[in-house]
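Engineer: Input: one structure, supplied below.
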Amino acid sequence: MNVIGISGLDNSVSFKKKEFPNLSAREYRIAQGFDSAAALAADNGVLAAAAEERFTGEKATGAFPVHAIQYCLEAGNLRPQEVDFVAHGFAYGPWKSFLEEQEFTRKQYHEVYAPEVQQKHFDDRFPSFNWKDKFVPVDHHLAHAASAFYPSGFGDALILISDGMGEVHSMTVAVGHGAEIQVIKQVPARHSLGILYGVFTLYLGFYMGLDEYKVMGLAPYGNPRRYYNKMQEFIKLKEDGTYIIPIFAHDQTPLDRETHAGVLKFLEEQFGPAREPESEITQQHQDIAAALQAVLQNCQLHVLRHFKHQTGQTNLCLAGGVALNCSANGVINRSRLFERMFVQPAAGDDGTALGAALYVRHQKDPGCKSARMTVPLWGPEYSDEEIEQVLSGAENCQSSRVKSFDSLCRDIAARIDKGQIVAWFQGRMEFGPRALGSRSILADPRDPTMRDRINSLVKKREAFRPFAPVVTKEAATRFFDIKPGEEDTYAHMLFVTQVRAPYREKLPAITHVDGSSRAQTVAQAHNPRLWQLLNEFEKLSGLPVLLNTSFNVKGQPIVCTPKEALDTFLFAKLDVLVMGNFIVEPKPAAAAGKTPVGSKDR
C-alpha cells in the first residue's frame with residue numbers, strides 16, 4: 001500500500017489578505033496551514049518526506065506541496081496511479097455547519113478549508129489522475145498523534161498533542177494501543193496554550209508561529225519569579241487535567257481574532273508597551289519570557305500528571321507545535337513521570353503529512369507494523385557526479401575529490417580543531433526543522449568566541465540564541481545530564497538538558513547561560529559519517545562533541561541541493577564546504593577569476 005500524506009492550506013494567507021488588507025507581515029503570519037510538506041508511507045515503511053520550503057526557498061510556506069509530492073513519487077519510483085490514498089492533515093468537513101454560522105468563517109471554509117479545495121489543487125497540478133476517489137482528510141490532531149505514536153516503537157502510550165489549533169481544538173490527549181488511537185480529552189482552540197505562547201512571541205517583537213523558539217532561548221536570561229504569579233493567573237487549571245485561558249475573550253471581533261489585537265492590548269495594560277521588532281531586548285522582556293516558559297511547563301505537567309494517573313500509561317508521545325519546545329520537553333523528561341518518551345522530530349505541522357499517511361495506512365491495514373524511527377533521513381540525496389557537475393561551474397571556489405572518507409574526516413577534524421567553520425552536506429536531507437547532521441554547519445565547541453562569530457557573521461541572528469551540540473552516543477552521558485539507556489531519546493535535538501559541570505567551561509560555544517544545552521546524540525548505525533567525524537575530532541581535542549547548527553542563513557530554509565549548498569557557503573563566507581566526498585574552499589582573492597575551477601582527486 002502506498003499512501004502520500006500532505007500538510008498545508010494553500011489559500012490561507014491569500015484569503016486573509018483579501019479579507020483584511022493592509023495588515024503587517026507579522027499579522028499575516030497568524031493563520032492556519034503553514035509548513036506544508038509531503039510524505040510517502042509504503043508497506044516497507046516511510047520512503048520519503050520533505051517540506052515544500054526546501055524546494056521553493058519560501059520558509060515555512062503553506063503553499064500546496066507540489067514539489068514535495070513530486071519528490072515523494074520519484075523517491076518511491078511511483079506513478080500517480082500507483083498511489084492508493086492521499087491523506088491530508090486537516091479534516092474540516094465535520095465542522096462545516098459550525099463554521100457556516102458566521103459570514104467570515106463561512107467564506108473561509110469554502111475558500112480555504114473545504115476538502116474540495118484540496119482536491120482541486122491535485123486536479124490542477126496532476127490533471128492526468130483522479131485523486132478525488134483516493135483523498136482522505138485526517139483530523140489534524142489525529143495526524144499529529146499518528147506521527148508520534150506509530151514511529152515511537154511503543155506498543156502502548158499516552159499521547160499529548162498541543163499546538164496553536166487544529167480544526168477547532170488546541171490540545172488533545174489520547175491513548176495509543178497497537179493500531180488504535182483513542183482520544184480521551186480535548187481543549188477547544190479558544191483556550192490554546194500554543195496561541196498564548198505565540199501571542200507573547202508577538203508581544204516580544206517576534207513572528208508568531210515562526211519565532212517561538214527565540215522566546216524559549218531568551219527565557220534563561222530572565223527571572224521567572226518576577227511575573228510568574230501574574231502570568232499563571234491567565235491560565236485556570238482544572239481538576240479534570242485541562243485548563244481554560246480566559247484572556248482570549250479580549251479578542252471580540254473577527255479582526256481581533258485574526259490579529260490578537262484584543263489580547264495584545266490586554267498584555268500592554270499588564271506589562272507595558274510591546275517591544276518593537278529589532279529594538280533593544282531589556283531585562284523586562286527576558287523576565288516575561290522566563291515567566292511564560294515556566295507557566296507553559298507547569299501547565300504541561302498539570303495535564304500529564306492527571307492523565308498519567310488516569311490511564312496508568314508509562315510511555316509518552318508528544319507532537320504538535322508545543323512539542324518543539326525543547327526546554328519543556330526536558331522538564332517533562334526530568335520529572336520521571338514516564339519511563340520512556342518519544343517526541344516526533346517534525347512535531348510541527350509539516351509532521352502532519354507524515355502522520356496523515358501513517359494514520360490512513362494503519363486504518364486501512366491494522367496489522368501493519370511501524371518500526372521505531374531513527375534519524376528521519378527521508379529527503380533528497382545527490383551523487384558525487386551530481387555534486388561534481390555543480391562544482392565544475394563554480395568560478396570562485398576550488399574543490400578536490402577525496403578518495404578515502406577516512407582521510408576526509410581527518411582533514412576536516414583538523415580544520416575544525418584550528419577554528420575553521422565547516423558546512424557539512426551529506427546523504428539524504430533530514431525531515432523536520434532541525435539539522436541532524438546531513439545539512440549542518442559544524443564548529444569547535446571549545447572556542448568561547450565561536451557562538452558570536454557564527455551568530456553575527458554566518459547566521460545573522462540575535463546574539464542571545466544558543467547553539468546545540470552534537471555528540472557521539474557512546475560519550476553522551478559523560479558530557480551531558482543524560483541517563484544511561486536514554487541516549488536514543490536525544491537523537492533528534494528535541495530535549496534540553498544540562499551540560500555536566502566539569503565540561504561547561506570546556507564547551508562554552510554550546511553551553512547556554514543557565515548551563516543547559518540542546519544535545520543531539522549520534523549513533524554509528526544511524527549516521528556513520530558524522531559519527532566518524534566526531535571520533536576524529538576527539539583524537540585531536542579529547543572531546544567527541546561539535547557545535548551543530550542548520551546549514552542556512554537568516555530567512556532561508558535549510559539547504560536542499562548542492563547548488564543551494566554552494567551558494568549559501570559562499571554567501572556566508574564559511575571556511576570550507578564538505579559535499580559528499582568533495583572538499584570545497586573559496587578561491588584565494590589573488591587568484592579569483594584567473595584559474596578555472598576543476599575537481600582533482602586527493
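Ordering of the C-alpha cells sets the chain letters (A, B, ...); residue numbers start at 1 within each chain; ligands are numbered from 1 in the order shown.
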Could you build a table of the residues in segment 323-417 of chain A lying no more than 12 Å from segment 462-485 of chain A, giving for each the nearest pair of atoms and their separation in Å rounded to one decimal place, using only C-alpha atoms, ordered by chain and ascending residue number, as a tab-separated table?

Structural biologist:
residue	atom	partner	partner_atom	distance
A:Cys326	CA	A:Ala468	CA	11.2
A:Gly330	CA	A:Ile482	CA	10.4
A:Asn333	CA	A:Ile482	CA	10.1
A:Arg334	CA	A:Ile482	CA	9.6
A:Arg336	CA	A:Lys483	CA	11.4
A:Glu339	CA	A:Gly485	CA	11.0
A:Arg340	CA	A:Gly485	CA	10.1

Engineer: Next, write the just-selected residues to a file, as a PDB file, in the first residue's frame, keeping all heavy atoms as the atom set.

Structural biologist:
ATOM      1  N   CYS A 326      11.863  22.578  23.380  1.00  0.00           N
ATOM      2  CA  CYS A 326      12.833  21.613  23.915  1.00  0.00           C
ATOM      3  C   CYS A 326      13.028  21.762  25.411  1.00  0.00           C
ATOM      4  O   CYS A 326      13.320  20.784  26.111  1.00  0.00           O
ATOM      5  CB  CYS A 326      14.163  21.788  23.206  1.00  0.00           C
ATOM      6  SG  CYS A 326      14.053  21.744  21.422  1.00  0.00           S
ATOM      7  N   GLY A 330      12.480  18.816  28.127  1.00  0.00           N
ATOM      8  CA  GLY A 330      13.489  18.429  29.110  1.00  0.00           C
ATOM      9  C   GLY A 330      12.931  18.369  30.516  1.00  0.00           C
ATOM     10  O   GLY A 330      13.250  17.461  31.287  1.00  0.00           O
ATOM     11  N   ASN A 333      10.848  15.228  30.848  1.00  0.00           N
ATOM     12  CA  ASN A 333      11.703  14.039  30.958  1.00  0.00           C
ATOM     13  C   ASN A 333      12.323  13.930  32.348  1.00  0.00           C
ATOM     14  O   ASN A 333      12.367  12.847  32.948  1.00  0.00           O
ATOM     15  CB  ASN A 333      12.789  14.089  29.883  1.00  0.00           C
ATOM     16  CG  ASN A 333      13.524  12.765  29.746  1.00  0.00           C
ATOM     17  OD1 ASN A 333      12.916  11.706  29.735  1.00  0.00           O
ATOM     18  ND2 ASN A 333      14.837  12.829  29.667  1.00  0.00           N
ATOM     19  N   ARG A 334      12.789  15.057  32.876  1.00  0.00           N
ATOM     20  CA  ARG A 334      13.423  15.032  34.202  1.00  0.00           C
ATOM     21  C   ARG A 334      12.420  14.801  35.326  1.00  0.00           C
ATOM     22  O   ARG A 334      12.800  14.420  36.431  1.00  0.00           O
ATOM     23  CB  ARG A 334      14.175  16.350  34.443  1.00  0.00           C
ATOM     24  CG  ARG A 334      15.409  16.507  33.570  1.00  0.00           C
ATOM     25  CD  ARG A 334      16.276  17.665  34.034  1.00  0.00           C
ATOM     26  NE  ARG A 334      15.609  18.951  33.937  1.00  0.00           N
ATOM     27  CZ  ARG A 334      15.568  19.697  32.838  1.00  0.00           C
ATOM     28  NH1 ARG A 334      16.130  19.263  31.724  1.00  0.00           N
ATOM     29  NH2 ARG A 334      14.966  20.880  32.844  1.00  0.00           N
ATOM     30  N   ARG A 336      10.383  12.441  35.478  1.00  0.00           N
ATOM     31  CA  ARG A 336      10.288  10.990  35.633  1.00  0.00           C
ATOM     32  C   ARG A 336       8.853  10.514  35.784  1.00  0.00           C
ATOM     33  O   ARG A 336       8.586   9.454  36.376  1.00  0.00           O
ATOM     34  CB  ARG A 336      11.143  10.491  36.806  1.00  0.00           C
ATOM     35  CG  ARG A 336      12.619  10.795  36.639  1.00  0.00           C
ATOM     36  CD  ARG A 336      13.187  10.128  35.405  1.00  0.00           C
ATOM     37  NE  ARG A 336      14.395  10.802  34.913  1.00  0.00           N
ATOM     38  CZ  ARG A 336      14.965  10.563  33.737  1.00  0.00           C
ATOM     39  NH1 ARG A 336      14.433   9.682  32.918  1.00  0.00           N
ATOM     40  NH2 ARG A 336      16.046  11.201  33.367  1.00  0.00           N
ATOM     41  N   GLU A 339       8.374   6.410  31.986  1.00  0.00           N
ATOM     42  CA  GLU A 339       9.605   5.634  31.844  1.00  0.00           C
ATOM     43  C   GLU A 339      10.312   5.959  30.545  1.00  0.00           C
ATOM     44  O   GLU A 339      11.547   6.007  30.486  1.00  0.00           O
ATOM     45  CB  GLU A 339       9.275   4.135  31.908  1.00  0.00           C
ATOM     46  CG  GLU A 339       8.753   3.688  33.276  1.00  0.00           C
ATOM     47  CD  GLU A 339       8.382   2.215  33.288  1.00  0.00           C
ATOM     48  OE1 GLU A 339       8.672   1.517  32.271  1.00  0.00           O
ATOM     49  OE2 GLU A 339       7.804   1.759  34.288  1.00  0.00           O
ATOM     50  N   ARG A 340       9.534   6.186  29.479  1.00  0.00           N
ATOM     51  CA  ARG A 340      10.123   6.480  28.175  1.00  0.00           C
ATOM     52  C   ARG A 340       9.312   7.579  27.475  1.00  0.00           C
ATOM     53  O   ARG A 340       8.102   7.662  27.635  1.00  0.00           O
ATOM     54  CB  ARG A 340      10.151   5.230  27.292  1.00  0.00           C
ATOM     55  CG  ARG A 340      11.042   4.107  27.806  1.00  0.00           C
ATOM     56  CD  ARG A 340      11.037   2.921  26.853  1.00  0.00           C
ATOM     57  NE  ARG A 340       9.717   2.297  26.771  1.00  0.00           N
ATOM     58  CZ  ARG A 340       9.407   1.318  25.917  1.00  0.00           C
ATOM     59  NH1 ARG A 340      10.324   0.855  25.085  1.00  0.00           N
ATOM     60  NH2 ARG A 340       8.193   0.791  25.908  1.00  0.00           N
TER      61      ARG A 340
END

Engineer: Just give me the gap between atom CA of Leu533 of chain A and atom CA of Cys409 of chain A in Å, one decimal is fine.

Structural biologist: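 Answer for the atom CA of Leu533 of chain A to atom CA of Cys409 of chain A separation: 5.2 Å.
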
Engineer: Segment 260-455 of chain A: which residues are helix (DSSP H, G or I) by DSSP, as an MDAnalysis selection string?

Structural biologist: chainID A and resid 261:271 283:311 321:324 326:335 351:364 384:392 405:417 450:455

Engineer: Compile a residue-level contact table for segment 9-120 of chain A against segment 129-146 of chain A at a cut-off of 7 Å, reporting for every qualifying residue the shortest atom pair and its distance in Å to one decimal, with only C-alpha atoms counted, rows ordered by chain and ascending number, as JSON lines.

Structural biologist:
{"residue": "A:Pro80", "atom": "CA", "partner": "A:Phe129", "partner_atom": "CA", "distance": 6.8}
{"residue": "A:Gln81", "atom": "CA", "partner": "A:Phe129", "partner_atom": "CA", "distance": 6.7}
{"residue": "A:Asp84", "atom": "CA", "partner": "A:Lys134", "partner_atom": "CA", "distance": 6.5}
{"residue": "A:Phe85", "atom": "CA", "partner": "A:Lys134", "partner_atom": "CA", "distance": 4.7}
{"residue": "A:Val86", "atom": "CA", "partner": "A:Phe135", "partner_atom": "CA", "distance": 4.8}
{"residue": "A:Ala87", "atom": "CA", "partner": "A:Val136", "partner_atom": "CA", "distance": 4.7}
{"residue": "A:His88", "atom": "CA", "partner": "A:Pro137", "partner_atom": "CA", "distance": 4.9}
{"residue": "A:Gly89", "atom": "CA", "partner": "A:His140", "partner_atom": "CA", "distance": 5.0}
{"residue": "A:Phe90", "atom": "CA", "partner": "A:His140", "partner_atom": "CA", "distance": 4.6}
{"residue": "A:Ala91", "atom": "CA", "partner": "A:Asp139", "partner_atom": "CA", "distance": 4.7}
{"residue": "A:Pro115", "atom": "CA", "partner": "A:Pro137", "partner_atom": "CA", "distance": 7.0}
{"residue": "A:Gln119", "atom": "CA", "partner": "A:Lys132", "partner_atom": "CA", "distance": 6.0}

Engineer: Can I get the selection written as an mmCIF file, in the first residue's frame, with N, CA and C atoms?

Structural biologist:
data_model
loop_
_atom_site.group_PDB
_atom_site.id
_atom_site.type_symbol
_atom_site.label_atom_id
_atom_site.label_comp_id
_atom_site.auth_asym_id
_atom_site.auth_seq_id
_atom_site.Cartn_x
_atom_site.Cartn_y
_atom_site.Cartn_z
ATOM 1 N N PRO A 80 1.559 8.410 -10.368
ATOM 2 C CA PRO A 80 0.399 8.791 -9.551
ATOM 3 C C PRO A 80 -0.641 7.692 -9.434
ATOM 4 N N GLN A 81 -0.796 6.905 -10.512
ATOM 5 C CA GLN A 81 -1.801 5.836 -10.483
ATOM 6 C C GLN A 81 -1.476 4.745 -9.466
ATOM 7 N N ASP A 84 -2.264 4.638 -3.558
ATOM 8 C CA ASP A 84 -3.567 4.103 -3.147
ATOM 9 C C ASP A 84 -4.429 5.145 -2.452
ATOM 10 N N PHE A 85 -3.796 5.990 -1.625
ATOM 11 C CA PHE A 85 -4.543 7.024 -0.897
ATOM 12 C C PHE A 85 -3.691 8.278 -0.774
ATOM 13 N N VAL A 86 -4.385 9.405 -0.754
ATOM 14 C CA VAL A 86 -3.751 10.686 -0.451
ATOM 15 C C VAL A 86 -4.412 11.209 0.807
ATOM 16 N N ALA A 87 -3.625 11.424 1.861
ATOM 17 C CA ALA A 87 -4.159 11.830 3.165
ATOM 18 C C ALA A 87 -3.733 13.262 3.465
ATOM 19 N N HIS A 88 -4.684 14.079 3.903
ATOM 20 C CA HIS A 88 -4.400 15.475 4.233
ATOM 21 C C HIS A 88 -4.543 15.669 5.734
ATOM 22 N N GLY A 89 -3.598 16.374 6.363
ATOM 23 C CA GLY A 89 -3.593 16.545 7.812
ATOM 24 C C GLY A 89 -4.550 17.593 8.334
ATOM 25 N N PHE A 90 -5.663 17.771 7.682
ATOM 26 C CA PHE A 90 -6.789 18.582 8.172
ATOM 27 C C PHE A 90 -8.080 17.911 7.724
ATOM 28 N N ALA A 91 -9.095 17.990 8.557
ATOM 29 C CA ALA A 91 -10.412 17.441 8.200
ATOM 30 C C ALA A 91 -11.479 18.405 8.704
ATOM 31 N N PRO A 115 -12.523 20.167 1.928
ATOM 32 C CA PRO A 115 -11.776 19.106 1.230
ATOM 33 C C PRO A 115 -11.764 19.304 -0.285
ATOM 34 N N GLN A 119 -8.705 18.959 -3.067
ATOM 35 C CA GLN A 119 -8.825 18.083 -4.227
ATOM 36 C C GLN A 119 -8.596 18.848 -5.524
#

Engineer: A:Glu180, A:Glu388, A:Glu564, A:Glu27: which is nearest Leu210 of chain A, counting only C-alpha atoms?

Structural biologist: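 Using only C-alpha atoms, Leu210 of chain A sits closest to A:Glu27.
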
Engineer: I'd like the neighbourhood of segment 291-298 of chain A as a compact mmCIF listing (two decimals) with N, CA and C atoms, in the first residue's frame, where a residue qualifies if any of its atoms comes within 7 Å (using only C-alpha atoms), though same-chain residues fewer than 4 positions away should be ignored.

Structural biologist:
# COMPACT_ATOMS: atom_id res chain seq x y z
N MET A 216 11.90 30.91 23.73
CA MET A 216 12.44 29.83 24.55
C MET A 216 13.92 30.05 24.83
N ALA A 219 14.38 32.95 27.42
CA ALA A 219 13.89 32.72 28.78
C ALA A 219 14.99 32.49 29.82
N PRO A 224 12.13 34.15 36.25
CA PRO A 224 10.72 33.77 36.09
C PRO A 224 9.84 34.22 37.25
N ARG A 225 10.42 34.44 38.42
CA ARG A 225 9.61 34.78 39.60
C ARG A 225 8.96 36.17 39.47
N TYR A 227 7.31 37.70 37.15
CA TYR A 227 5.97 37.78 36.57
C TYR A 227 5.22 36.45 36.62
N TYR A 228 5.77 35.47 37.31
CA TYR A 228 5.16 34.14 37.27
C TYR A 228 3.73 34.15 37.79
N MET A 231 1.30 35.83 35.44
CA MET A 231 1.07 35.08 34.21
C MET A 231 0.29 33.81 34.47
N GLN A 232 0.54 33.17 35.61
CA GLN A 232 -0.21 31.95 35.91
C GLN A 232 -1.69 32.25 36.11
N ASP A 287 12.54 38.68 31.53
CA ASP A 287 11.76 38.17 32.66
C ASP A 287 10.38 37.69 32.21
N HIS A 302 0.80 19.70 34.62
CA HIS A 302 -0.55 19.53 35.19
C HIS A 302 -1.35 18.54 34.36
N ALA A 328 10.69 22.65 27.64
CA ALA A 328 9.57 21.96 28.29
C ALA A 328 9.73 20.45 28.20

Engineer: What's the 8 Å shell around segment 195-205 of chain A, counting only C-alpha atoms, without same-chain residues fewer than 3 positions away, as a VMD selection string?

Structural biologist: chain A and resid 26 163 to 165 192 208 to 209 211 to 212 215 260 263 to 264 267 274 to 278 285 292 296

Engineer: Please, which residues in segment 476-540 of chain A fall within 12 Å of segment 309-320 of chain A when counting only C-alpha atoms, and what is the closest atom pair and distance in Å to one decimal for each, ordered by chain then residue number, as CSV?

Structural biologist:
residue,atom,partner,partner_atom,distance
A:Thr489,CA,A:Cys317,CA,11.4
A:Leu494,CA,A:Leu318,CA,10.7
A:Phe495,CA,A:Leu318,CA,11.8

Engineer: Have a look at A:Ala371, A:Arg54, A:Tyr359, A:Ala41 and name the one nearest to Gly176 of chain A; count only C-alpha atoms.

Structural biologist: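 Residue with the minimum atom-to-atom distance to Gly176 of chain A: A:Tyr359.
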
Engineer: Let me make sure I understand: among A:Met373, A:Val66, A:Ala38, A:Leu78, which one has the smallest atom-to-atom distance to Phe126 of chain A if we use only C-alpha atoms?

Structural biologist: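 Nearest to Phe126 of chain A: A:Val66.
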
Engineer: Using only C-alpha atoms, find the one residue out of A:Arg434, A:Lys459, A:Arg401, A:Lys573 that sits nearest to Gln420 of chain A.

Structural biologist: A:Lys573

Engineer: From a DSSP calculation on the backbone, collect every residue of segment 25-224 of chain A in strand (DSSP E or B) and output the set as number ranges by chain.

Structural biologist: A: 37-42, 45-51, 85-88, 135-137, 156-162, 169-177, 180-188

Engineer: Smallest atom-to-atom distance to Ile332 of chain A: which of A:Leu354, A:Leu304, A:Leu566, A:Leu457, using only C-alpha atoms?

Structural biologist: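 The closest residue to Ile332 of chain A is A:Leu304.
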
Engineer: To one decimal place, how far is atom CA of His67 of chain A from atom CA of Ala346 of chain A in Å?

Structural biologist: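 Between atom CA of His67 of chain A and atom CA of Ala346 of chain A the gap is 18.4 Å.
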
Engineer: Just the number, please: distance in Å from atom CA of Pro562 of chain A to atom CA of Ser383 of chain A, one decimal.

Structural biologist: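 Separation between atom CA of Pro562 of chain A and atom CA of Ser383 of chain A: 9.8 Å.
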
Engineer: Determine the nearest neighbour of Thr497 of chain A from the options A:Val13, A:Leu570, A:Val331, A:Ile387, counting only C-alpha atoms.

Structural biologist: A:Val331

Engineer: Taking 5 positions as the minimum chain separation for residues in the same chain, which residues sit within 12 Å of Glu100 of chain A when counting only C-alpha atoms? Answer as a PyMOL selection string.

Structural biologist: chain A and resi 92-95+105-110+113-114

Engineer: Filtering to all heavy atoms, could you give me those residues as a compact mmCIF listing (two decimals), in the first residue's frame?

Structural biologist:
# COMPACT_ATOMS: atom_id res chain seq x y z
N TYR A 92 -11.75 19.43 7.94
CA TYR A 92 -12.72 20.45 8.34
C TYR A 92 -14.17 20.08 8.00
O TYR A 92 -15.10 20.73 8.47
CB TYR A 92 -12.37 21.79 7.68
CG TYR A 92 -11.35 22.59 8.43
CD1 TYR A 92 -10.00 22.51 8.09
CD2 TYR A 92 -11.70 23.41 9.48
CE1 TYR A 92 -9.04 23.25 8.77
CE2 TYR A 92 -10.76 24.16 10.17
CZ TYR A 92 -9.43 24.07 9.81
OH TYR A 92 -8.49 24.81 10.49
N GLY A 93 -14.34 19.02 7.20
CA GLY A 93 -15.70 18.66 6.79
C GLY A 93 -16.67 18.48 7.94
O GLY A 93 -17.80 19.02 7.89
N PRO A 94 -16.32 17.77 9.02
CA PRO A 94 -17.25 17.60 10.13
C PRO A 94 -17.64 18.90 10.83
O PRO A 94 -18.64 18.93 11.56
CB PRO A 94 -16.48 16.69 11.10
CG PRO A 94 -15.51 15.95 10.23
CD PRO A 94 -15.10 16.94 9.18
N TRP A 95 -16.90 19.97 10.61
CA TRP A 95 -17.17 21.25 11.27
C TRP A 95 -17.79 22.27 10.31
O TRP A 95 -17.87 23.45 10.64
CB TRP A 95 -15.87 21.81 11.86
CG TRP A 95 -15.20 20.82 12.76
CD1 TRP A 95 -14.14 20.02 12.47
CD2 TRP A 95 -15.59 20.48 14.10
NE1 TRP A 95 -13.83 19.21 13.53
CE2 TRP A 95 -14.70 19.48 14.55
CE3 TRP A 95 -16.60 20.94 14.95
CZ2 TRP A 95 -14.80 18.92 15.82
CZ3 TRP A 95 -16.68 20.39 16.22
CH2 TRP A 95 -15.80 19.40 16.64
N THR A 105 -16.16 33.02 8.70
CA THR A 105 -15.71 31.63 8.72
C THR A 105 -16.41 30.79 7.64
O THR A 105 -15.84 29.79 7.19
CB THR A 105 -15.94 31.00 10.11
OG1 THR A 105 -17.31 31.17 10.49
CG2 THR A 105 -15.03 31.65 11.15
N ARG A 106 -17.60 31.21 7.22
CA ARG A 106 -18.26 30.51 6.10
C ARG A 106 -17.42 30.64 4.84
O ARG A 106 -17.14 29.67 4.14
CB ARG A 106 -19.66 31.06 5.87
CG ARG A 106 -20.44 30.32 4.76
CD ARG A 106 -21.70 31.06 4.37
NE ARG A 106 -21.40 32.33 3.72
CZ ARG A 106 -21.00 32.43 2.44
NH1 ARG A 106 -20.87 31.34 1.69
NH2 ARG A 106 -20.74 33.59 1.91
N LYS A 107 -17.01 31.88 4.53
CA LYS A 107 -16.18 32.10 3.35
C LYS A 107 -14.83 31.39 3.51
O LYS A 107 -14.30 30.83 2.55
CB LYS A 107 -15.98 33.60 3.12
CG LYS A 107 -17.24 34.32 2.67
CD LYS A 107 -16.95 35.73 2.18
CE LYS A 107 -16.52 36.65 3.30
NZ LYS A 107 -16.33 38.04 2.83
N GLN A 108 -14.30 31.44 4.72
CA GLN A 108 -13.01 30.81 4.96
C GLN A 108 -13.09 29.30 4.72
O GLN A 108 -12.17 28.71 4.13
CB GLN A 108 -12.56 31.09 6.40
CG GLN A 108 -11.12 30.75 6.70
CD GLN A 108 -10.72 31.21 8.10
OE1 GLN A 108 -11.51 31.11 9.04
NE2 GLN A 108 -9.52 31.73 8.24
N TYR A 109 -14.16 28.69 5.17
CA TYR A 109 -14.32 27.25 4.94
C TYR A 109 -14.33 26.93 3.45
O TYR A 109 -13.59 26.04 2.99
CB TYR A 109 -15.61 26.73 5.59
CG TYR A 109 -15.88 25.28 5.27
CD1 TYR A 109 -15.24 24.27 5.98
CD2 TYR A 109 -16.72 24.92 4.22
CE1 TYR A 109 -15.46 22.94 5.68
CE2 TYR A 109 -16.94 23.59 3.90
CZ TYR A 109 -16.31 22.60 4.62
OH TYR A 109 -16.51 21.28 4.30
N HIS A 110 -15.13 27.64 2.69
CA HIS A 110 -15.32 27.31 1.27
C HIS A 110 -14.12 27.70 0.41
O HIS A 110 -13.90 27.10 -0.65
CB HIS A 110 -16.59 27.96 0.73
CG HIS A 110 -17.84 27.32 1.25
ND1 HIS A 110 -18.31 26.12 0.78
CD2 HIS A 110 -18.70 27.70 2.25
CE1 HIS A 110 -19.42 25.78 1.44
NE2 HIS A 110 -19.67 26.72 2.34
N TYR A 113 -10.59 25.83 3.68
CA TYR A 113 -10.58 24.62 4.47
C TYR A 113 -11.25 23.41 3.82
O TYR A 113 -10.91 22.26 4.14
CB TYR A 113 -11.29 24.86 5.81
CG TYR A 113 -10.64 25.88 6.71
CD1 TYR A 113 -11.40 26.62 7.61
CD2 TYR A 113 -9.27 26.12 6.67
CE1 TYR A 113 -10.82 27.56 8.45
CE2 TYR A 113 -8.68 27.06 7.50
CZ TYR A 113 -9.46 27.78 8.39
OH TYR A 113 -8.88 28.70 9.22
N ALA A 114 -12.21 23.60 2.95
CA ALA A 114 -13.04 22.51 2.45
C ALA A 114 -12.19 21.44 1.74
O ALA A 114 -11.24 21.77 1.03
CB ALA A 114 -14.09 23.05 1.49

Engineer: Show me, as a PyMOL selection string, the residues that have an atom within 10 Å of Ala491 of chain A when counting only C-alpha atoms, minus same-chain residues fewer than 4 positions from it.

Structural biologist: chain A and resi 345+374-375+436+470-473+486-487+495+519-523+526

Engineer: Quick one: write out the picked residues with C-alpha atoms as a CSV table (one decimal), in the first residue's frame?

Structural biologist:
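And here's out.csv as it stands now:
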chain,number,residue,atom,x,y,z
A,345,PRO,CA,11.2,15.4,15.2
A,374,THR,CA,15.8,6.5,14.0
A,375,VAL,CA,17.1,9.6,12.2
A,436,LEU,CA,20.6,16.4,12.4
A,470,VAL,CA,26.2,17.0,18.6
A,471,VAL,CA,27.9,14.2,20.5
A,472,THR,CA,28.6,10.5,19.9
A,473,LYS,CA,26.0,8.3,21.5
A,486,GLU,CA,18.3,7.2,27.3
A,487,GLU,CA,20.8,8.2,24.6
A,495,PHE,CA,15.4,17.9,24.7
A,519,ALA,CA,22.1,17.9,22.9
A,520,GLN,CA,21.9,15.6,19.9
A,521,THR,CA,23.3,12.1,20.1
A,522,VAL,CA,24.7,10.4,17.0
A,523,ALA,CA,24.9,6.6,16.7
A,526,HIS,CA,22.3,5.9,12.0

Engineer: Could you pull the residues within 9 Å of Gln426 of chain A, counting only C-alpha atoms, minus those fewer than 6 positions along the same chain, as a count of residues only?

Structural biologist: 12
